[in-house]
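Shown next, in structure tokens, is the structure this report addresses.
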Amino acid sequence: MTFEQFNNIESLLDNSSSPLLIQNGTVVDHAEIRKADVLVIDGKIEQVAENLKPVSEDTRVVDATGLYVMPGGIDVHTHFNIDAGITRSCDDFFTGTRAAACGGTTMIIDHMGFGPKGCDLFHQLDVYHGYAADKAVIDYSFHGVIQHIDDQILEQMHAMVHERGIPSFKLYLTYSYKLDDCSVLKALTQLKKVGALTTVHPENDAALSLKRKQFIEQGKVEAKYHALSRPLECEAEAIARVINLAKLADSAPLYIVHLSNGLGLDYTRLARENNQPVWVETCPQYLVLNNDRYEREDALKYVLSPPLRDKAESEKLWKGLADGSIDTVATDHCSFTYAEQKQLGAKDFTKTPNGIPGVETRMPLMFSEGVIAGRITPNQFVSLTSYEPAKLFGLYPQKGHLGCGADADLVLFDPNKKQTIRHDSLHDNADYTPYESITCQGWPLMTFSRGRLVAYDGEFTGEAGDGQFIHRQPFSAE
Ligand code: URP
Ligand code: ZN
Ligand code: ZN
């Protein structure tokens, strides 16, 4: 694809509020693939049909011959500007959403970090509104964070959902503000009552803490012991436990974040066979990277939780995507520089800030390793990266599809473009990508956020502050 094909690029940028007509593309959503044009008026999809004509002299026309026209990506798991205790992640809501836009993503939902001990539910929401307001370049929302349970927190859940537009919350079974089973049960019960989805970071804290301590006592301080201290059974046990707690909480809806292994997936499958409302997210890192990374000199780059697993586990996850047992692919983008921040753990893996970047590479990696490699269909790609995230997190029908009236959040993907991932050409604020040197087939050429061009052929064309907070709808399983 050449710049000449879009010789109206200047006008696309200059008249970003005028009508937009995308002609001759292959329109792909979660259910259909067809040749059609897409007309956008006032930032919303007006019509999707064959042979549409410009509606005015100032209509911006894009020739999308040879391109896939798809709903923009929705990444429901990022951590921008998160205070991780020992350090703060290096992407804020500007650099993080800029990277997202350049990778074909048009909406993120950020998992807010912990606030001061004892703070109420609104505290972090107010803080995060401040972080995002003038910075985000695409639309955004936040998941509530539950760091303790008391009567005030339980009471505030209703207002978070119905007044503040936050219908999903995260609780942790490890880290500093882990909840005990009693608190988990109370949280799940109340969140179901108020119309919210509970998302959970599942790892068995007691087991992994013991292993961490033993490794450190034995002088086993290198990054690979981070992975060895958090075996997949730690994760799978916590998944099974929280599934049963959700069942005890009047079958509360439950969403497992960043699944990394097949045993955990089997537990979620069993729950679903028993008609329990459980949904599952995985991330590109668990699909395309493996624990051989911990043998490398730069192993600190791959310290995240849960850690990378072996190739057999990745294959089980791919099968889960193909057979529908996994619903979404998000990134868990939580970036720290390798040169400085990750070095905090150089002499003791327990001091390494956990997390990796990935918000810009999710769509190309999933397209290339998923669709081009024949593991998932183009419709499944849209379902996993946009449609299901929108449905589960209260964004549908505003986002996640190409029907009339939806926000014109679009990505035009060139399915033939081969591009090797190099951190130099990405737009985050880290100093590395875990996917360096992986060649993708399929790359986003244009990203539109409510009809405005925010990225074009690897260049950011948006504006800080143009992203809007999206007041999400209460959870519904429909
Ligand atoms: O290592 C990770 N994943 N860091 C981000 C926080 C979390 O656990 O999601
Ligand atoms: Zn987590
Ligand atoms: Zn996370």
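Simple scheme: letters A, B, ... for chains in structure tokens order, numbers from 1 for residues in each chain, numbers from 1 for ligands in the order shown.
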*Contacts of range 108-122 of chain A at 7 Å or less, counting only C-alpha atoms, minus same-chain residues fewer than 5 places along, as an MDAnalysis selection string?*
chainID A and resid 74:80 82:83 139:145 147 153 156
*Among the residues of range 417-454 of chain A, find those DSSP assigns to strand (DSSP E or B) from the backbone and print them as a count of residues only.*
18
_If the limit is 8 Å from any atom of ligand 1, counting only C-alpha atoms and all ligand atoms, which residues qualify? Return them as a list of chain:residue names._
A:His77, A:His79, A:His111, A:His201, A:Val257, A:His258, A:Val303, A:Leu304, A:Ser305, A:Pro306, A:Pro307, A:Asp332, A:His333, A:Cys334, A:Pro353, A:Asn354, A:Gly355, A:Ile356
Expected file contents, prior selection, N, CA and C atoms, as a short mmCIF file (atom, residue, chain, number, x, y, z; two decimals), in the first residue's frame:
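Output below, filename result13.cif:
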data_model
loop_
_atom_site.label_atom_id
_atom_site.label_comp_id
_atom_site.auth_asym_id
_atom_site.auth_seq_id
_atom_site.Cartn_x
_atom_site.Cartn_y
_atom_site.Cartn_z
N HIS A 77 -7.61 -4.51 29.00
CA HIS A 77 -6.67 -4.75 30.12
C HIS A 77 -5.36 -4.01 29.87
N HIS A 79 -2.57 -1.08 31.98
CA HIS A 79 -2.21 -0.41 33.25
C HIS A 79 -1.35 0.80 32.89
N HIS A 111 -7.06 -1.02 34.04
CA HIS A 111 -7.21 -1.53 35.42
C HIS A 111 -6.50 -0.56 36.34
N HIS A 201 -7.67 -11.54 39.16
CA HIS A 201 -6.28 -12.00 38.95
C HIS A 201 -6.11 -13.21 39.86
N VAL A 257 -8.90 -12.92 34.18
CA VAL A 257 -7.97 -12.14 33.35
C VAL A 257 -6.69 -12.94 33.07
N HIS A 258 -6.02 -12.55 32.05
CA HIS A 258 -4.70 -13.04 31.60
C HIS A 258 -4.44 -14.53 31.86
N VAL A 303 9.59 -10.55 32.99
CA VAL A 303 9.03 -10.77 34.33
C VAL A 303 7.62 -10.17 34.37
N LEU A 304 6.66 -11.04 34.39
CA LEU A 304 5.26 -10.64 34.50
C LEU A 304 4.52 -11.76 35.22
N SER A 305 3.31 -11.46 35.68
CA SER A 305 2.53 -12.46 36.42
C SER A 305 1.12 -12.57 35.85
N PRO A 306 0.67 -13.81 35.56
CA PRO A 306 1.42 -15.04 35.62
C PRO A 306 2.58 -15.01 34.62
N PRO A 307 3.60 -15.84 34.84
CA PRO A 307 4.75 -15.83 33.93
C PRO A 307 4.47 -16.57 32.62
N ASP A 332 -2.81 -6.62 28.93
CA ASP A 332 -2.17 -6.42 30.24
C ASP A 332 -0.93 -5.53 30.08
N HIS A 333 -1.02 -4.56 29.16
CA HIS A 333 0.11 -3.64 28.93
C HIS A 333 0.47 -2.94 30.24
N CYS A 334 1.66 -3.22 30.73
CA CYS A 334 2.13 -2.64 32.00
C CYS A 334 3.64 -2.52 31.81
N PRO A 353 9.71 -4.89 38.88
CA PRO A 353 8.31 -4.52 38.60
C PRO A 353 7.73 -5.49 37.56
N ASN A 354 6.53 -5.97 37.87
CA ASN A 354 5.89 -7.00 37.01
C ASN A 354 5.15 -6.37 35.86
N GLY A 355 5.36 -6.89 34.66
CA GLY A 355 4.55 -6.45 33.53
C GLY A 355 5.38 -6.20 32.29
N ILE A 356 4.70 -6.22 31.14
CA ILE A 356 5.37 -5.99 29.86
C ILE A 356 4.49 -5.09 28.99
#
*Got a sec: who's within 8 Å of Gly25 in chain A, counting only C-alpha atoms, leaving out chain neighbours fewer than 3 positions off, as a ChimeraX atom specification?*
/A:22,35-37,63-69
What does the file look like for those residues with C-alpha atoms, as a compact mmCIF listing (two decimals), in the first residue's frame?
# COMPACT_ATOMS: atom_id res chain seq x y z
CA ILE A 22 -14.51 4.23 2.90
CA LYS A 35 -17.43 -6.26 0.06
CA ALA A 36 -19.03 -2.97 1.09
CA ASP A 37 -18.50 0.74 1.56
CA ASP A 63 -10.09 3.85 -1.29
CA ALA A 64 -9.78 0.69 0.79
CA THR A 65 -9.20 -1.71 -2.10
CA GLY A 66 -7.31 -4.71 -0.76
CA LEU A 67 -7.90 -3.74 2.87
CA TYR A 68 -9.98 -5.24 5.66
CA VAL A 69 -12.29 -2.70 7.28
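Remark: for Glu436 in chain A, the closest of the candidate residues A:Asn274, A:Thr361, A:Thr377, A:Thr268 is A:Thr361 (distances computed over only C-alpha atoms).
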*Just asking: which residues within range 24-201 of chain A are alpha helix (DSSP H) according to DSSP, as a ChimeraX atom specification?*
/A:93-102,121-132,151-162,181-194
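Taking CA of Tyr286 in chain A and CA of Ser260 in chain A as the two end points, the separation is 5.5 Å.
Here the question is which of A:Glu340, A:Glu281, A:Asp323, A:Asp310 gets nearest to ligand 3 using only C-alpha atoms and all ligand atoms, and that residue is A:Glu281.
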*Ala187 in chain A: which residues within 9 Å, counting only C-alpha atoms, same-chain residues fewer than 2 positions away excluded, as a PyMOL selection string?*
chain A and resi 146+149+154+171+182-185+189-192+198+249
*Compare A:Leu228, A:Glu217, A:Lys418, A:Asn204 by their minimum atom-to-atom distance to Ala240 in chain A, counting only C-alpha atoms, and give me the closest one.*
A:Asn204
*asked:* Give me the residues near Ala100 in chain A as a list in words, where near means some atom within 10 Å (using only C-alpha atoms) and where sequence neighbours in that chain fewer than 3 positions away do not count.
replied: Gly73, Ile74, Asp75, Phe94, Thr95, Gly96, Thr97, Gly103, Gly104, Thr105, Thr106, Met107, Ile108, Val137, Ile138, His333, Gly358, Val359, Glu360, Thr361, Arg362, Met363, Leu426, His427, Asp428, Thr447 and Ala455 of chain A
C-alpha atoms of the current selection, written as a short mmCIF file (atom, residue, chain, number, x, y, z; two decimals), in the first residue's frame:
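Written file, result_8.cif:
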data_model
loop_
_atom_site.label_atom_id
_atom_site.label_comp_id
_atom_site.auth_asym_id
_atom_site.auth_seq_id
_atom_site.Cartn_x
_atom_site.Cartn_y
_atom_site.Cartn_z
CA GLY A 73 -9.65 -2.94 18.67
CA ILE A 74 -10.87 -2.76 22.26
CA ASP A 75 -8.16 -3.61 24.77
CA PHE A 94 -0.91 9.80 26.26
CA THR A 95 1.91 7.46 25.24
CA GLY A 96 -0.16 4.38 26.05
CA THR A 97 -3.19 5.38 23.99
CA GLY A 103 -1.71 -0.59 16.57
CA GLY A 104 -5.34 -0.40 15.47
CA THR A 105 -6.96 -0.11 18.91
CA THR A 106 -9.62 2.56 19.47
CA MET A 107 -10.72 1.97 23.07
CA ILE A 108 -8.98 0.83 26.22
CA VAL A 137 -6.06 10.08 22.25
CA ILE A 138 -8.73 7.37 21.98
CA HIS A 333 0.11 -3.64 28.93
CA GLY A 358 2.07 -4.85 24.22
CA VAL A 359 -0.83 -2.51 23.48
CA GLU A 360 0.45 -1.64 19.99
CA THR A 361 1.30 -5.15 18.86
CA ARG A 362 -1.87 -7.01 19.96
CA MET A 363 -3.82 -6.58 16.72
CA LEU A 426 6.53 1.62 18.06
CA HIS A 427 4.92 4.50 19.96
CA ASP A 428 5.04 3.56 23.63
CA THR A 447 -7.10 3.87 12.58
CA ALA A 455 -2.96 6.77 12.99
#
*In Å, rounded to a single decimal, give me how far atom 1 (Zn, counted along the ligand's line) of ligand 3 is from CA of Ala236 in chain A.*
17.0 Å
*asked:* Just to confirm, what's the straight-line distance from CA of Leu412 in chain A to CA of Met446 in chain A in Å (one decimal)?
replied: 5.1 Å
